[in-house]
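Below is entry_26.cif, holding mmCIF, C-alpha atoms and all ligand atoms.
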```
data_upload
loop_
_atom_site.label_atom_id
_atom_site.label_comp_id
_atom_site.auth_asym_id
_atom_site.auth_seq_id
_atom_site.Cartn_x
_atom_site.Cartn_y
_atom_site.Cartn_z
CA MET A 1 0.00 0.00 0.00
CA LYS A 2 1.31 3.32 -0.98
CA VAL A 3 1.15 6.04 1.64
CA ARG A 4 0.96 9.56 0.45
CA TRP A 5 2.54 11.50 3.31
CA GLY A 6 2.04 14.80 1.71
CA THR A 7 -1.68 14.58 1.26
CA ARG A 8 -2.93 12.78 4.43
CA LYS A 9 -4.36 15.29 6.85
CA TYR A 10 -5.92 15.40 10.32
CA SER A 11 -9.02 17.47 10.85
CA PHE A 12 -9.45 19.45 14.11
CA MET A 13 -12.73 20.93 15.32
CA ILE A 14 -13.15 23.48 18.08
CA ILE A 15 -16.73 23.43 19.41
CA PRO A 16 -17.72 26.36 21.65
CA ASP A 17 -20.33 26.06 24.49
CA ALA A 18 -23.56 27.39 23.06
CA ASP A 19 -24.40 28.60 19.67
CA GLY A 20 -20.98 29.84 18.66
CA ARG A 21 -19.57 28.97 15.32
CA VAL A 22 -17.67 25.72 15.07
CA ILE A 23 -14.05 26.22 14.01
CA ARG A 24 -12.68 23.52 11.86
CA PHE A 25 -9.25 23.22 10.41
CA LYS A 26 -7.00 20.67 8.90
CA ILE A 27 -3.32 20.06 9.56
CA PRO A 28 -1.20 17.76 7.41
CA ARG A 29 0.01 14.69 9.26
CA LEU A 30 3.59 15.53 8.42
CA VAL A 31 3.38 18.78 10.36
CA ILE A 32 2.06 16.88 13.40
CA TYR A 33 4.96 14.45 13.23
CA PHE A 34 7.40 17.30 12.81
CA ILE A 35 6.01 19.10 15.89
CA LEU A 36 6.13 15.91 17.94
CA GLY A 37 9.72 15.25 16.83
CA LEU A 38 10.73 18.78 17.71
CA ALA A 39 9.13 18.46 21.15
CA ILE A 40 11.09 15.23 21.85
CA ILE A 41 14.36 16.85 20.76
CA VAL A 42 13.79 19.94 22.90
CA THR A 43 12.80 17.87 25.95
CA SER A 44 15.77 15.51 25.73
CA SER A 45 18.17 18.44 25.15
CA ALA A 46 16.78 20.18 28.21
CA ALA A 47 17.19 16.97 30.22
CA ALA A 48 20.80 16.57 29.04
CA LEU A 49 21.64 20.21 29.85
CA TYR A 50 20.08 19.86 33.28
CA THR A 51 22.13 16.73 34.01
CA MET A 52 25.33 18.45 32.90
CA HIS A 53 24.53 21.47 35.03
CA SER A 54 23.81 19.49 38.16
CA ARG A 55 27.03 17.48 37.69
CA ALA A 56 28.99 20.70 37.39
CA MET A 57 27.27 22.06 40.51
CA GLU A 58 28.02 18.85 42.40
CA SER A 59 31.74 18.92 41.59
CA ASN A 60 31.84 22.59 42.46
CA MET A 61 30.30 21.80 45.85
CA ARG A 62 32.79 18.99 46.38
CA LEU A 63 35.68 21.32 45.59
CA LYS A 64 34.27 23.95 47.90
CA ALA A 65 33.88 21.40 50.72
CA GLU A 66 37.40 20.14 50.13
CA LEU A 67 38.85 23.64 50.24
CA SER A 68 36.86 24.47 53.33
CA GLY A 69 38.11 21.26 55.04
CA LYS A 70 41.69 22.15 54.19
CA SER A 71 41.37 25.68 55.45
CA LYS A 72 39.77 24.32 58.62
CA GLN A 73 42.79 22.05 59.02
CA TYR A 74 45.12 25.01 58.58
CA ILE A 75 43.18 27.03 61.12
CA GLN A 76 43.30 24.13 63.54
CA THR A 77 47.06 23.69 63.03
CA VAL A 78 47.69 27.39 63.58
CA THR A 79 45.49 27.36 66.69
CA GLU A 80 47.37 24.36 68.04
CA LYS A 81 50.69 26.07 67.41
CA ASP A 82 49.48 29.21 69.14
CA GLN A 83 48.42 27.06 72.07
CA THR A 84 51.85 25.39 72.15
CA ILE A 85 53.57 28.77 72.13
CA ILE A 86 51.40 29.97 75.01
CA GLU A 87 52.18 26.81 76.97
CA LEU A 88 55.92 27.18 76.30
CA GLN A 89 55.82 30.79 77.40
CA SER A 90 54.04 29.80 80.58
CA GLU A 91 56.69 27.11 81.16
CA VAL A 92 59.49 29.63 80.69
CA LEU A 93 57.77 31.88 83.23
CA ASP A 94 57.49 28.92 85.59
CA LEU A 95 61.22 28.32 85.20
CA LYS A 96 61.90 31.96 85.96
CA ARG A 97 59.75 31.72 89.08
CA GLN A 98 61.63 28.59 90.11
CA ALA A 99 64.92 30.41 89.61
CA ASP A 100 63.66 33.18 91.88
CA GLU A 101 62.56 30.68 94.52
CA ILE A 102 65.93 28.90 94.37
CA LYS A 103 67.65 32.25 94.74
CA VAL A 104 65.66 32.95 97.92
CA LYS A 105 66.61 29.52 99.26
CA ILE A 106 70.26 30.12 98.42
CA ASP A 107 70.11 33.39 100.32
CA GLN A 108 68.67 31.52 103.30
CA LEU A 109 71.42 28.90 103.05
CA LYS A 110 74.03 31.66 102.81
CA LYS A 111 72.65 33.12 106.02
CA LEU A 112 72.78 29.65 107.59
CA GLU A 113 76.38 29.21 106.45
CA SER A 114 77.40 32.51 108.00
CA ASP A 115 75.48 31.61 111.18
CA ILE A 116 77.37 28.30 111.39
CA MET A 117 80.64 30.12 110.90
CA GLY A 118 79.65 32.56 113.64
CA LEU A 119 78.72 29.76 116.04
CA SER A 120 81.97 27.97 115.46
CA GLU A 121 84.65 28.91 117.99
CA GLY A 122 87.92 27.59 119.40
CA ASP A 123 91.64 28.35 119.16
CA GLY A 124 92.33 25.29 117.03
CA GLY A 125 90.25 26.47 114.12
CA ARG A 126 91.28 30.12 113.88
CA ASN A 127 93.33 29.73 110.70
CA ASN A 128 90.52 27.84 109.06
CA ILE A 129 88.07 30.55 109.99
CA GLY A 130 90.25 33.08 108.16
CA ASP A 131 90.36 30.98 105.02
CA LEU A 132 86.67 30.33 105.11
CA ASP A 133 85.85 33.99 105.66
CA SER A 134 87.73 34.98 102.55
CA GLY A 135 85.91 32.23 100.67
CA THR A 136 82.61 33.50 101.92
CA MET A 137 83.50 37.02 100.84
CA ALA A 138 84.20 35.93 97.30
CA TYR A 139 80.96 34.03 97.38
CA GLY A 140 79.07 37.05 98.67
CA GLN A 141 80.48 39.24 95.89
CA LYS A 142 79.41 36.80 93.29
CA ALA A 143 75.97 36.61 94.87
CA LYS A 144 75.66 40.39 94.62
CA GLU A 145 75.90 40.21 90.84
CA LYS A 146 73.03 37.84 90.64
CA PRO A 147 69.99 39.89 91.61
CA VAL A 148 70.93 42.28 88.77
CA VAL A 149 70.59 39.45 86.27
CA ILE A 150 67.32 38.34 87.85
CA ALA A 151 66.03 41.92 87.77
CA SER A 152 66.76 42.38 84.08
CA PHE A 153 65.22 39.02 83.41
CA GLY A 154 62.09 39.85 85.41
CA GLY A 155 61.80 43.36 84.00
CA GLY A 156 62.29 43.83 80.26
CA ASN A 157 61.68 40.32 79.12
CA LEU A 158 58.48 39.87 80.98
CA ASN A 159 57.08 42.90 79.22
CA GLY A 160 58.33 41.46 75.97
CA LEU A 161 56.54 38.26 76.72
CA ASN A 162 53.32 40.05 77.53
CA GLY A 163 53.55 41.76 74.16
CA VAL A 164 53.62 38.44 72.31
CA GLY A 165 49.85 38.14 72.17
CA GLY A 166 49.35 41.79 71.37
CA GLY A 167 49.97 41.77 67.64
CA SER A 168 53.77 42.03 67.49
CA SER A 169 55.33 40.14 64.61
CA ASP A 170 56.42 36.51 64.78
CA GLU A 171 60.07 37.46 64.39
CA GLU A 172 59.83 39.73 67.41
CA ASP A 173 58.11 37.00 69.43
CA ASP A 174 60.78 34.51 68.47
CA ALA A 175 63.52 36.97 69.39
CA ASP A 176 61.85 37.66 72.75
CA MET A 177 61.43 33.98 73.51
CA GLU A 178 65.00 33.26 72.48
CA GLN A 179 66.25 36.01 74.76
CA ILE A 180 64.11 34.80 77.64
CA VAL A 181 65.25 31.22 77.20
CA SER A 182 68.91 32.24 76.90
CA GLU A 183 68.67 34.40 80.02
CA ALA A 184 66.86 31.66 81.90
CA LYS A 185 69.72 29.34 80.92
CA SER A 186 72.34 31.77 82.18
CA ASP A 187 70.26 32.30 85.33
CA PHE A 188 70.23 28.61 86.07
CA SER A 189 73.91 28.35 85.27
CA LEU A 190 74.63 31.13 87.81
CA LEU A 191 72.43 29.38 90.37
CA ASP A 192 74.36 26.18 89.74
CA ASP A 193 77.66 27.98 90.36
CA GLU A 194 76.32 29.53 93.53
CA MET A 195 75.02 26.24 94.83
CA GLN A 196 78.43 24.67 94.22
CA LEU A 197 80.11 27.50 96.16
CA LEU A 198 77.52 27.13 98.90
CA PHE A 199 78.09 23.39 99.04
CA ASP A 200 81.86 23.94 99.31
CA GLY A 201 81.33 26.54 102.03
CA LEU A 202 78.98 24.34 104.04
CA SER A 203 81.27 21.32 103.64
CA ALA A 204 84.17 23.38 104.98
CA ALA A 205 81.98 24.60 107.85
CA LYS A 206 81.04 21.01 108.65
CA GLU A 207 84.70 19.91 108.60
CA LYS A 208 85.60 22.77 110.86
CA LEU A 209 82.80 21.97 113.31
CA LEU A 210 83.81 18.31 113.37
CA ASP A 211 87.43 19.30 114.04
CA GLU A 212 86.31 21.63 116.80
CA GLN A 213 84.06 18.96 118.31
CA GLU A 214 86.94 16.51 118.30
CA LEU A 215 89.23 19.12 119.86
CA MET A 216 86.58 19.85 122.50
CA ARG A 217 86.26 16.18 123.31
CA ILE A 218 89.99 15.67 123.79
CA THR A 219 90.64 19.00 125.55
CA PRO A 220 90.17 18.88 129.36
CA SER A 221 87.34 21.20 130.32
CA LEU A 222 85.28 19.51 133.04
CA TRP A 223 85.44 20.23 136.75
CA PRO A 224 86.88 16.91 137.98
CA THR A 225 84.65 16.23 141.00
CA VAL A 226 81.40 17.28 142.69
CA SER A 227 82.89 19.61 145.30
CA TRP A 228 83.82 23.17 144.31
CA ARG A 229 85.93 23.92 147.44
CA VAL A 230 89.40 24.85 146.22
CA THR A 231 91.91 24.70 149.07
CA SER A 232 95.12 25.27 147.10
CA LYS A 233 95.70 26.79 143.67
CA PHE A 234 98.45 26.26 141.12
CA GLY A 235 101.65 28.17 141.93
CA TYR A 236 103.92 29.02 144.85
CA ARG A 237 102.55 28.35 148.34
CA LYS A 238 103.58 27.36 151.80
CA ASP A 239 103.90 23.57 151.94
CA PRO A 240 101.36 22.14 154.47
CA PHE A 241 103.95 19.64 155.74
CA THR A 242 107.26 21.55 155.71
CA PHE A 243 105.74 25.08 155.90
CA ARG A 244 108.37 26.11 153.34
CA ARG A 245 107.69 28.02 150.16
CA SER A 246 107.24 25.48 147.41
CA PHE A 247 105.64 25.21 144.00
CA HIS A 248 102.21 23.54 143.85
CA THR A 249 101.88 21.88 140.43
CA GLY A 250 98.07 21.40 140.46
CA ILE A 251 94.85 22.42 142.15
CA ASP A 252 93.47 20.92 145.39
CA ILE A 253 89.73 20.49 145.79
CA ALA A 254 88.55 19.41 149.23
CA GLY A 255 85.61 16.98 149.28
CA ASN A 256 84.07 14.01 151.01
CA TYR A 257 85.47 10.49 151.00
CA ASN A 258 84.28 8.57 147.93
CA ASP A 259 82.97 11.61 146.04
CA PRO A 260 83.09 10.70 142.33
CA VAL A 261 86.15 11.81 140.31
CA PHE A 262 85.60 12.31 136.58
CA ALA A 263 87.76 12.13 133.46
CA THR A 264 87.88 15.75 132.27
CA ALA A 265 88.22 14.81 128.54
CA ASP A 266 88.22 11.79 126.21
CA GLY A 267 91.46 9.83 126.44
CA LYS A 268 93.28 6.66 127.38
CA VAL A 269 94.42 5.64 130.86
CA GLN A 270 98.22 5.87 130.78
CA PHE A 271 98.74 4.99 134.45
CA ALA A 272 96.53 3.72 137.28
CA GLY A 273 98.39 2.73 140.48
CA TRP A 274 99.70 3.75 143.86
CA ASP A 275 102.81 5.41 145.26
CA ARG A 276 103.85 6.74 148.65
CA LEU A 277 103.51 10.44 147.79
CA ARG A 278 100.44 10.53 145.50
CA GLY A 279 98.56 7.57 146.92
CA ASN A 280 96.12 6.02 144.42
CA ASN A 281 96.58 8.10 141.28
CA ILE A 282 95.53 8.01 137.62
CA ILE A 283 97.11 9.63 134.54
CA ILE A 284 94.96 10.02 131.39
CA ASN A 285 96.55 10.81 128.01
CA HIS A 286 94.34 13.00 125.81
CA SER A 287 96.49 12.53 122.67
CA ASN A 288 96.99 16.25 121.99
CA GLY A 289 100.19 16.60 124.06
CA ILE A 290 97.91 16.99 127.08
CA ARG A 291 97.60 14.66 130.07
CA THR A 292 95.56 14.97 133.30
CA TRP A 293 96.60 13.56 136.68
CA TYR A 294 94.22 12.68 139.54
CA MET A 295 95.85 12.03 142.99
CA HIS A 296 95.11 10.89 146.58
CA LEU A 297 92.13 8.81 145.41
CA ASN A 298 90.46 6.47 147.85
CA LYS A 299 90.03 4.02 144.96
CA ASN A 300 90.95 3.79 141.29
CA LEU A 301 88.00 2.66 139.12
CA VAL A 302 89.90 2.30 135.78
CA LYS A 303 92.91 0.32 134.62
CA LYS A 304 95.88 1.16 132.43
CA GLY A 305 95.04 1.06 128.70
CA GLU A 306 91.33 1.70 129.24
CA THR A 307 89.65 4.26 126.97
CA VAL A 308 87.61 6.84 128.83
CA LYS A 309 85.10 9.49 127.75
CA LYS A 310 84.77 12.99 129.10
CA GLY A 311 82.65 12.74 132.28
CA ASP A 312 83.29 9.04 132.95
CA LYS A 313 83.71 8.20 136.64
CA ILE A 314 87.32 7.03 137.03
CA GLY A 315 87.86 7.01 140.82
CA ARG A 316 86.69 7.92 144.31
CA LEU A 317 87.98 10.94 146.20
CA GLY A 318 90.18 10.10 149.21
CA SER A 319 93.24 11.02 151.26
CA THR A 320 95.85 8.43 150.27
CA GLY A 321 99.57 9.32 149.99
CA ARG A 322 100.95 12.60 151.32
CA SER A 323 97.62 14.20 152.25
CA THR A 324 96.16 16.07 155.21
CA GLY A 325 92.51 15.30 154.49
CA PRO A 326 90.11 14.06 151.81
CA HIS A 327 90.80 16.07 148.66
CA LEU A 328 91.57 15.69 144.97
CA HIS A 329 94.88 16.99 143.61
CA TYR A 330 94.19 17.63 139.93
CA GLU A 331 97.00 18.41 137.53
CA VAL A 332 97.17 19.25 133.80
CA ILE A 333 100.39 18.44 131.96
CA LYS A 334 101.08 19.97 128.54
CA ASN A 335 104.06 18.66 126.56
CA GLY A 336 105.58 17.17 129.72
CA GLU A 337 105.18 20.31 131.85
CA SER A 338 102.63 21.00 134.59
CA ILE A 339 100.52 24.03 133.74
CA ASP A 340 97.79 25.98 135.54
CA PRO A 341 94.69 23.77 135.24
CA ALA A 342 92.25 26.66 135.87
CA PRO A 343 91.69 27.50 132.15
CA TYR A 344 90.86 23.80 131.61
CA MET A 345 88.21 23.68 134.35
CA THR A 346 85.51 25.78 132.73
CA GLN A 347 82.70 23.26 132.34
CA SER A 348 80.38 21.62 134.84
CA ARG A 349 79.08 18.17 134.12
CA LYS A 350 75.85 17.93 132.07
CA ASP A 351 73.96 16.20 134.89
CA GLU A 352 74.79 19.15 137.14
CA ASP A 353 73.37 21.81 134.82
ZN ZN B 401 97.94 19.22 145.67
#
```
Could you render the structure as structure tokens?
Ligand SMILES: [Zn+2]
Amino acid sequence: MKVRWGTRKYSFMIIPDADGRVIRFKIPRLVIYFILGLAIIVTSSAAALYTMHSRAMESNMRLKAELSGKSKQYIQTVTEKDQTIIELQSEVLDLKRQADEIKVKIDQLKKLESDIMGLSEGDGGRNNIGDLDSGTMAYGQKAKEKPVVIASFGGGNLNGLNGVGGGSSDEEDDADMEQIVSEAKSDFSLLDDEMQLLFDGLSAAKEKLLDEQELMRITPSLWPTVSWRVTSKFGYRKDPFTFRRSFHTGIDIAGNYNDPVFATADGKVQFAGWDRLRGNNIIINHSNGIRTWYMHLNKNLVKKGETVKKGDKIGRLGSTGRSTGPHLHYEVIKNGESIDPAPYMTQSRKDED
């Protein structure tokens, strides 16, 4: 069957409501097909354009999101770094505060050192005291320099540090921090030096005190018995037996029979025995060229070779040997020679205080 595209037509009628005229017209089929085809092309083109547009929008959004994520990361990193800087600054300030506290403690220790030196006395240590004093002076001079450093550290740099958050440039901040850190380092290094000096000073003071303690232990100082009644001093006197002028080589203390007699310093019993003149008598060697001699005892309570401590009971007071009544003849011998014992009888026993 042969179709004649050009001639086939569709008829269209438009019928109004009431008695209007009916409009009738004819359109060739080809035109209809053409219009339909055009409509399909337009619709599909619009759909394709829309798809392309939304894809473009989507990728744009993705890019935007990506960029925003990255910038957020950067902001976070910068914030973290700021935080770190603030923490470091606070730590540096802490260190500075610690340095100040240590300085105060060192000052206290310096005071303590000088107090110890002041407390320390005795003839034996005089030369040492001189040496130590000069050492302390040098130390004191060095210490004087220090507060200046601390002051400059606490002054200018603190202001610099405060300015860090206030819009000064990064280079300035870095320079400030570097200066603060370098000064904190030098501060601590100075403190270290001072502590070493202090340690040396205190060690010397300790040595000196130990020496003095040892000297005090071995130097006769105690009153040798319980009675304080001196009947004859060291020096020339009239002899109670011959009534002639003679030299008395010790001190006589009258007391009661069996009163305790004490070692007047740490030492070793060199002699404990009896003879016709001195009766029961004891010699103690105190190892510093000094010996003490206790005579006319009623009884010796120690033996030769025994070690005794200052204040130990070594005998009982009596009247043995050449004696007119119960008394103790106490003698101090220095380098083989009897000397006046009075300067060595300055201390009462602890239990008498
Ligand atoms: Zn005598």
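Nearest residue to ligand ZN 401 (chain B), choosing from A:Ile251, A:Ala263, A:Val269, A:Val92 and counting only C-alpha atoms and all ligand atoms: A:Ile251.
The two atoms in question, CA of Glu331 in chain A and CA of Gly273 in chain A, are spaced 16.0 Å apart.
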Computed gap from CA of Phe25 in chain A to CA of Arg8 in chain A is 13.6 Å
note - CA of Ile283 in chain A and CA of Pro260 in chain A are separated by 16.1 Å
Review point. Do you know which residues are at most 6 Å from Phe234 in chain A counting all atoms listed in the file, after dropping those on the same chain fewer than 5 positions away, and could you put them as a VMD selection string?
Key: chain A and resid 248 to 251 340
Counting all atoms listed in the file, what residues are within 10 Å of ligand ZN 401 (chain B), given as a VMD selection string?
chain A and resid 231 to 234 239 to 240 247 to 253 278 294 to 296 322 to 323 327 to 331
Around range 105-116 of chain A, fit a box with edges along x, y and z, padding it by 3 Å on each side, then list its centre and edge lengths in Å to one decimal as AutoDock Vina command-line options.
```
--center_x 72.0 --center_y 30.8 --center_z 104.9 --size_x 16.8 --size_y 11.1 --size_z 19.0
```
Discussion item. Excluding Leu317 in chain A and its own-chain neighbours fewer than 6 positions away, which residues fall within 7 Å of it when counting all atoms listed in the file? Please give them as number ranges by chain.
Written reply: A: 256-261, 297-298, 326-328
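Compared by their closest atoms to Ser227 in chain A, and using only C-alpha atoms, the residues A:Ser348, A:Ser11, A:Asn60, A:Asn281 rank with A:Ser348 nearest.
Residues in contact with Leu198 in chain A at 10 Å, where all atoms listed in the file are counted and same-chain residues fewer than 2 positions away are skipped, are listed as Ile106, Asp107, Leu109, Lys110, Glu113, Gly135, Thr136, Tyr139, Asp192, Asp193, Glu194, Met195, Gln196, Asp200, Gly201, Leu202, Ser203 and Ala204 of chain A.
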Spatial neighbours of Trp223 in chain A, max dist 7 Å, all atoms listed in the file, sep filter under 5 positions, as a list in words | Thr264, Met345, Thr346, Gln347 and Ser348 of chain A
Counting all atoms listed in the file, the residue among A:Leu191, A:Ala48, A:Ile290, A:Ile314 that lies closest to Ser338 in chain A is A:Ile290
Using all atoms listed in the file, the best pick from A:Leu88, A:Leu38, A:Gln270, A:Pro343 as closest to Met177 in chain A would be A:Leu88
For Lys185 in chain A, please output as a short mmCIF file (atom, residue, chain, number, x, y, z; two decimals) with C-alpha atoms, keeping the file's coordinate frame all residues within 12 Å (counting all atoms listed in the file; exclusion window: fewer than 4 positions along the same chain).
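Output file selection39.cif follows:
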```
data_model
loop_
_atom_site.label_atom_id
_atom_site.label_comp_id
_atom_site.auth_asym_id
_atom_site.auth_seq_id
_atom_site.Cartn_x
_atom_site.Cartn_y
_atom_site.Cartn_z
CA VAL A 92 59.49 29.63 80.69
CA LEU A 95 61.22 28.32 85.20
CA LYS A 96 61.90 31.96 85.96
CA ALA A 99 64.92 30.41 89.61
CA VAL A 149 70.59 39.45 86.27
CA ILE A 150 67.32 38.34 87.85
CA PHE A 153 65.22 39.02 83.41
CA GLU A 178 65.00 33.26 72.48
CA GLN A 179 66.25 36.01 74.76
CA ILE A 180 64.11 34.80 77.64
CA VAL A 181 65.25 31.22 77.20
CA SER A 189 73.91 28.35 85.27
CA LEU A 190 74.63 31.13 87.81
CA LEU A 191 72.43 29.38 90.37
CA ASP A 192 74.36 26.18 89.74
#
```
Can you fill out range 61-90 of chain A with N, CA and C atoms and hand it back as a PDB file, keeping the file's coordinate frame?
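After the write, result09.pdb holds the following:
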```pdb
ATOM      1  N   MET A  61      30.561  21.942  44.423  1.00  0.00           N
ATOM      2  CA  MET A  61      30.300  21.800  45.850  1.00  0.00           C
ATOM      3  C   MET A  61      31.401  20.982  46.516  1.00  0.00           C
ATOM      4  N   ARG A  62      31.744  19.871  45.823  1.00  0.00           N
ATOM      5  CA  ARG A  62      32.790  18.990  46.380  1.00  0.00           C
ATOM      6  C   ARG A  62      34.089  19.767  46.574  1.00  0.00           C
ATOM      7  N   LEU A  63      34.447  20.534  45.551  1.00  0.00           N
ATOM      8  CA  LEU A  63      35.680  21.320  45.590  1.00  0.00           C
ATOM      9  C   LEU A  63      35.635  22.318  46.753  1.00  0.00           C
ATOM     10  N   LYS A  64      34.444  22.965  46.835  1.00  0.00           N
ATOM     11  CA  LYS A  64      34.270  23.950  47.900  1.00  0.00           C
ATOM     12  C   LYS A  64      34.455  23.282  49.268  1.00  0.00           C
ATOM     13  N   ALA A  65      33.814  22.123  49.450  1.00  0.00           N
ATOM     14  CA  ALA A  65      33.880  21.400  50.720  1.00  0.00           C
ATOM     15  C   ALA A  65      35.328  21.019  51.023  1.00  0.00           C
ATOM     16  N   GLU A  66      36.016  20.571  49.964  1.00  0.00           N
ATOM     17  CA  GLU A  66      37.400  20.140  50.130  1.00  0.00           C
ATOM     18  C   GLU A  66      38.272  21.314  50.605  1.00  0.00           C
ATOM     19  N   LEU A  67      38.069  22.432  49.900  1.00  0.00           N
ATOM     20  CA  LEU A  67      38.850  23.640  50.240  1.00  0.00           C
ATOM     21  C   LEU A  67      38.549  24.080  51.666  1.00  0.00           C
ATOM     22  N   SER A  68      37.263  24.041  51.999  1.00  0.00           N
ATOM     23  CA  SER A  68      36.860  24.470  53.330  1.00  0.00           C
ATOM     24  C   SER A  68      37.467  23.545  54.385  1.00  0.00           C
ATOM     25  N   GLY A  69      37.484  22.227  54.115  1.00  0.00           N
ATOM     26  CA  GLY A  69      38.110  21.260  55.040  1.00  0.00           C
ATOM     27  C   GLY A  69      39.575  21.578  55.243  1.00  0.00           C
ATOM     28  N   LYS A  70      40.257  21.856  54.110  1.00  0.00           N
ATOM     29  CA  LYS A  70      41.690  22.150  54.190  1.00  0.00           C
ATOM     30  C   LYS A  70      41.944  23.408  54.999  1.00  0.00           C
ATOM     31  N   SER A  71      41.147  24.421  54.730  1.00  0.00           N
ATOM     32  CA  SER A  71      41.370  25.680  55.450  1.00  0.00           C
ATOM     33  C   SER A  71      41.060  25.477  56.932  1.00  0.00           C
ATOM     34  N   LYS A  72      40.067  24.631  57.217  1.00  0.00           N
ATOM     35  CA  LYS A  72      39.770  24.320  58.620  1.00  0.00           C
ATOM     36  C   LYS A  72      40.982  23.660  59.285  1.00  0.00           C
ATOM     37  N   GLN A  73      41.593  22.734  58.503  1.00  0.00           N
ATOM     38  CA  GLN A  73      42.790  22.050  59.020  1.00  0.00           C
ATOM     39  C   GLN A  73      43.890  23.060  59.331  1.00  0.00           C
ATOM     40  N   TYR A  74      44.071  23.999  58.365  1.00  0.00           N
ATOM     41  CA  TYR A  74      45.120  25.010  58.580  1.00  0.00           C
ATOM     42  C   TYR A  74      44.831  25.826  59.826  1.00  0.00           C
ATOM     43  N   ILE A  75      43.562  26.221  59.953  1.00  0.00           N
ATOM     44  CA  ILE A  75      43.180  27.030  61.120  1.00  0.00           C
ATOM     45  C   ILE A  75      43.458  26.260  62.402  1.00  0.00           C
ATOM     46  N   GLN A  76      43.100  24.958  62.348  1.00  0.00           N
ATOM     47  CA  GLN A  76      43.300  24.130  63.540  1.00  0.00           C
ATOM     48  C   GLN A  76      44.784  24.037  63.874  1.00  0.00           C
ATOM     49  N   THR A  77      45.614  23.805  62.812  1.00  0.00           N
ATOM     50  CA  THR A  77      47.060  23.690  63.030  1.00  0.00           C
ATOM     51  C   THR A  77      47.613  24.963  63.637  1.00  0.00           C
ATOM     52  N   VAL A  78      47.194  26.096  63.070  1.00  0.00           N
ATOM     53  CA  VAL A  78      47.690  27.390  63.580  1.00  0.00           C
ATOM     54  C   VAL A  78      47.255  27.585  65.021  1.00  0.00           C
ATOM     55  N   THR A  79      45.998  27.227  65.315  1.00  0.00           N
ATOM     56  CA  THR A  79      45.490  27.360  66.690  1.00  0.00           C
ATOM     57  C   THR A  79      46.307  26.494  67.649  1.00  0.00           C
ATOM     58  N   GLU A  80      46.576  25.257  67.184  1.00  0.00           N
ATOM     59  CA  GLU A  80      47.370  24.360  68.040  1.00  0.00           C
ATOM     60  C   GLU A  80      48.749  24.941  68.302  1.00  0.00           C
ATOM     61  N   LYS A  81      49.351  25.497  67.243  1.00  0.00           N
ATOM     62  CA  LYS A  81      50.690  26.070  67.410  1.00  0.00           C
ATOM     63  C   LYS A  81      50.667  27.260  68.346  1.00  0.00           C
ATOM     64  N   ASP A  82      49.629  28.080  68.211  1.00  0.00           N
ATOM     65  CA  ASP A  82      49.480  29.210  69.140  1.00  0.00           C
ATOM     66  C   ASP A  82      49.413  28.704  70.568  1.00  0.00           C
ATOM     67  N   GLN A  83      48.609  27.643  70.745  1.00  0.00           N
ATOM     68  CA  GLN A  83      48.420  27.060  72.070  1.00  0.00           C
ATOM     69  C   GLN A  83      49.769  26.586  72.619  1.00  0.00           C
ATOM     70  N   THR A  84      50.536  25.898  71.744  1.00  0.00           N
ATOM     71  CA  THR A  84      51.850  25.390  72.150  1.00  0.00           C
ATOM     72  C   THR A  84      52.759  26.537  72.576  1.00  0.00           C
ATOM     73  N   ILE A  85      52.726  27.610  71.801  1.00  0.00           N
ATOM     74  CA  ILE A  85      53.570  28.770  72.130  1.00  0.00           C
ATOM     75  C   ILE A  85      53.183  29.341  73.489  1.00  0.00           C
ATOM     76  N   ILE A  86      51.873  29.441  73.718  1.00  0.00           N
ATOM     77  CA  ILE A  86      51.400  29.970  75.010  1.00  0.00           C
ATOM     78  C   ILE A  86      51.865  29.074  76.150  1.00  0.00           C
ATOM     79  N   GLU A  87      51.752  27.747  75.925  1.00  0.00           N
ATOM     80  CA  GLU A  87      52.180  26.810  76.970  1.00  0.00           C
ATOM     81  C   GLU A  87      53.671  26.940  77.244  1.00  0.00           C
ATOM     82  N   LEU A  88      54.467  27.040  76.140  1.00  0.00           N
ATOM     83  CA  LEU A  88      55.920  27.180  76.300  1.00  0.00           C
ATOM     84  C   LEU A  88      56.267  28.456  77.049  1.00  0.00           C
ATOM     85  N   GLN A  89      55.575  29.524  76.716  1.00  0.00           N
ATOM     86  CA  GLN A  89      55.820  30.790  77.400  1.00  0.00           C
ATOM     87  C   GLN A  89      55.512  30.650  78.879  1.00  0.00           C
ATOM     88  N   SER A  90      54.412  29.984  79.177  1.00  0.00           N
ATOM     89  CA  SER A  90      54.040  29.800  80.580  1.00  0.00           C
ATOM     90  C   SER A  90      55.079  28.940  81.291  1.00  0.00           C
TER      91      SER A  90
END
```
